[in-house]
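As provided, work_16.txt (compact mmCIF, C-alpha atoms) reads as follows.
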# COMPACT_ATOMS: atom_id res chain seq x y z
CA MET A 729 60.93 -33.31 10.57
CA ALA A 730 57.29 -32.64 11.37
CA MET A 731 55.28 -29.95 9.65
CA THR A 732 55.68 -26.64 11.45
CA ILE A 733 52.93 -24.29 12.52
CA GLU A 734 54.03 -21.86 9.80
CA GLY A 735 53.72 -24.56 7.16
CA LEU A 736 50.29 -25.55 8.37
CA ALA A 737 49.19 -21.92 8.48
CA GLY A 738 50.48 -21.46 4.93
CA LEU A 739 48.48 -24.44 3.71
CA ALA A 740 45.37 -23.11 5.46
CA PHE A 741 45.90 -19.69 3.87
CA MET A 742 46.31 -21.21 0.41
CA PHE A 743 43.19 -23.34 0.79
CA SER A 744 41.21 -20.36 2.10
CA SER A 745 42.40 -18.28 -0.84
CA SER A 746 41.20 -20.94 -3.23
CA ILE A 747 37.75 -21.00 -1.64
CA LEU A 748 37.67 -17.17 -1.61
CA LEU A 749 38.38 -17.14 -5.34
CA GLN A 750 35.54 -19.63 -5.84
CA ILE A 751 33.16 -17.32 -4.02
CA LEU A 752 34.46 -14.24 -5.85
CA ALA A 753 33.90 -15.92 -9.22
CA CYS A 754 30.26 -16.21 -8.22
CA ALA A 755 29.72 -12.94 -6.36
CA LEU A 756 31.47 -10.60 -8.81
CA TYR A 757 29.31 -11.73 -11.70
CA ASN A 758 26.13 -12.30 -9.63
CA ASN A 759 25.91 -15.85 -10.94
CA TRP A 760 26.27 -18.86 -8.65
CA TRP A 761 26.77 -21.54 -11.32
CA PRO A 762 30.59 -21.53 -10.86
CA MET A 763 30.07 -22.85 -7.32
CA LEU A 764 29.24 -26.17 -8.97
CA SER A 765 32.96 -26.81 -9.43
CA ALA A 766 33.45 -26.44 -5.65
CA LEU A 767 31.71 -29.80 -5.42
CA MET A 768 34.80 -31.32 -7.01
CA TYR A 769 36.97 -29.80 -4.27
CA ILE A 770 35.02 -31.96 -1.85
CA LEU A 771 35.23 -35.06 -4.05
CA VAL A 772 38.98 -34.93 -4.83
CA PRO A 773 40.26 -35.99 -1.37
CA MET A 774 37.57 -38.60 -0.76
CA PRO A 775 39.37 -41.51 -2.52
CA CYS A 776 42.48 -40.78 -0.44
CA LEU A 777 40.44 -40.86 2.74
CA PHE A 778 38.42 -43.97 1.92
CA PHE A 779 40.89 -46.12 -0.02
CA GLY A 780 44.32 -44.72 0.87
CA GLY A 781 43.97 -44.50 4.63
CA GLY A 782 44.31 -40.71 4.58
CA SER A 783 47.73 -40.81 2.94
CA THR A 784 48.50 -39.45 -0.51
CA GLN A 785 51.47 -41.76 -1.02
CA PHE A 786 49.44 -44.43 -2.84
CA LEU A 787 48.86 -42.00 -5.73
CA THR A 788 52.53 -42.09 -6.74
CA SER A 789 53.14 -45.78 -6.10
CA ARG A 790 53.01 -48.46 -8.75
CA ASP A 791 51.26 -50.87 -6.42
CA GLY A 792 47.91 -51.86 -7.77
CA GLY A 793 44.87 -53.68 -6.71
CA GLY A 794 41.19 -53.15 -7.17
CA TRP A 795 40.65 -50.48 -4.54
CA ILE A 796 43.92 -48.65 -5.15
CA ASP A 797 43.24 -48.45 -8.89
CA ALA A 798 39.69 -47.29 -8.21
CA ALA A 799 41.01 -44.56 -5.90
CA LYS A 800 43.50 -43.37 -8.52
CA PHE A 801 40.75 -43.29 -11.15
CA LEU A 802 38.31 -41.39 -8.94
CA THR A 803 40.97 -38.87 -7.94
CA GLY A 804 41.87 -38.26 -11.58
CA ALA A 805 38.23 -38.01 -12.66
CA SER A 806 37.52 -35.48 -9.91
CA ALA A 807 40.55 -33.42 -10.88
CA VAL A 808 39.53 -33.39 -14.54
CA GLY A 809 36.00 -32.44 -13.50
CA SER A 810 37.37 -29.41 -11.66
CA ILE A 811 38.68 -28.09 -14.97
CA ALA A 812 35.86 -29.36 -17.18
CA ILE A 813 32.94 -27.89 -15.24
CA PRO A 814 33.92 -24.21 -15.80
CA ILE A 815 34.62 -24.95 -19.47
CA ILE A 816 31.23 -26.60 -19.93
CA LEU A 817 29.47 -23.78 -18.10
CA ARG A 818 31.24 -21.21 -20.30
CA HIS A 819 30.37 -23.14 -23.46
CA ALA A 820 26.70 -23.17 -22.40
CA ASP A 821 26.90 -19.39 -21.77
CA LEU A 822 25.96 -19.85 -18.12
CA ILE A 823 29.10 -18.02 -16.91
CA GLY A 824 31.34 -15.36 -18.41
CA ASN A 825 35.00 -15.48 -19.36
CA GLY A 826 36.04 -13.67 -16.18
CA ALA A 827 34.33 -16.18 -13.92
CA MET A 828 35.87 -19.05 -15.87
CA TRP A 829 39.40 -17.65 -15.49
CA ILE A 830 38.90 -16.99 -11.78
CA GLU A 831 37.76 -20.61 -11.44
CA PHE A 832 40.92 -21.80 -13.21
CA PHE A 833 43.13 -19.70 -10.94
CA SER A 834 41.25 -21.03 -7.91
CA PHE A 835 41.93 -24.57 -9.12
CA LEU A 836 45.62 -23.72 -9.61
CA VAL A 837 45.87 -22.46 -6.02
CA PHE A 838 44.05 -25.58 -4.82
CA VAL A 839 46.42 -27.88 -6.74
CA CYS A 840 49.45 -26.05 -5.31
CA THR A 841 47.98 -26.53 -1.83
CA VAL A 842 47.52 -30.26 -2.40
CA MET A 843 51.03 -30.63 -3.83
CA CYS A 844 52.54 -28.80 -0.83
CA PHE A 845 50.55 -31.04 1.52
CA HIS A 846 51.72 -34.14 -0.37
CA HIS A 847 55.34 -32.97 -0.19
CA ALA A 848 55.02 -32.32 3.55
CA ASN A 849 53.54 -35.79 4.05
CA LEU A 850 56.44 -37.38 2.21
CA GLU A 851 58.94 -35.49 4.41
CA ASP A 852 57.10 -36.61 7.56
CA GLU A 853 57.26 -40.27 6.53
CA TRP A 854 61.04 -40.22 6.11
As structure tokens:
Amino acid sequence: MAMTIEGLAGLAFMFSSSILLQILACALYNNWWPMLSALMYILVPMPCLFFGGGSTQFLTSRDGGGWIDAAKFLTGASAVGSIAIPIILRHADLIGNGAMWIEFFSFLVFVCTVMCFHHANLEDEW
């Protein structure tokens, strides 16, 4: 069963909401340091594109190899960086608590989007 238009529109809405929250975390507090974590949103899918052939299935497989292991490591490091950057910025007093929590919620929406996309890809492959 292929992904429907409604499913694709839902994923686009979720991703857009995540980016909107990123921008709101910056605009509401008139501080653009939180946008630094948006860089990780760009870096997270890159290992899948370069080493996994655009598929997310290699992340859950036990198959190894130099490039597959490197892709898993880079994906994990980028995901941890998405959480660590707002914490580091808050610790350095560059952003406030509100901006940090909005960043966390934005990351949660982004992770839910990626998980829904991964689930839809697994259904398409069967």
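Within 12 Å of Leu736 of chain A, once all atoms listed in the file are used and residues closer than 5 positions along the same chain are dropped, the contacting residues are Ala730, Met731, Phe741, Met742, Phe743, Thr841, Cys844, Phe845, Ala848 and Asn849 of chain A.
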**OP:** Could you jot down the atom CA of Ala812 of chain A to atom CA of Trp761 of chain A separation for me, Å, one decimal place?
**Re:**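 Taking atom CA of Ala812 of chain A as the start and atom CA of Trp761 of chain A as the end point, the length is 13.3 Å.
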Subject >> Selected residue, from A:Val772, A:Ala799, A:Ala755, A:Ile733, that lies nearest to Val842 of chain A when counting only C-alpha atoms >> reply: A:Val772
**OP:** Kindly give the distance, in Å, that separates atom CA of Ala737 of chain A and atom CA of Glu851 of chain A, rounded to a single decimal.
**Re:** 17.2 Å
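You can rank A:Gly738, A:Gly794, A:Gly824, A:Gly804 by their closest distance to Leu771 of chain A using all atoms listed in the file, and at the top of that list sits A:Gly804.
Using only C-alpha atoms, the smallest distance between any of A:Leu822, A:Leu836, A:Leu739, A:Ile796 and Phe778 of chain A comes from A:Ile796.
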Subject >> Distance in Å - atom CA of Val839 of chain A versus atom CA of Leu756 of chain A >> reply: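 Taking atom CA of Val839 of chain A as the start and atom CA of Leu756 of chain A as the end point, the length is 22.9 Å.
Closest to Trp760 of chain A among A:Met843, A:Val837, A:Ala807, A:Ile823 is A:Ile823, based on all atoms listed in the file.
Closest approach to Ile816 of chain A among A:Trp795, A:Ile770, A:Ser765, A:Phe801 is made by A:Ser765 (distances from all atoms listed in the file).
Nearest residue to Tyr757 of chain A among A:Cys776, A:Ile815, A:Ile830, A:Leu850 is A:Ile830, counting all atoms listed in the file.
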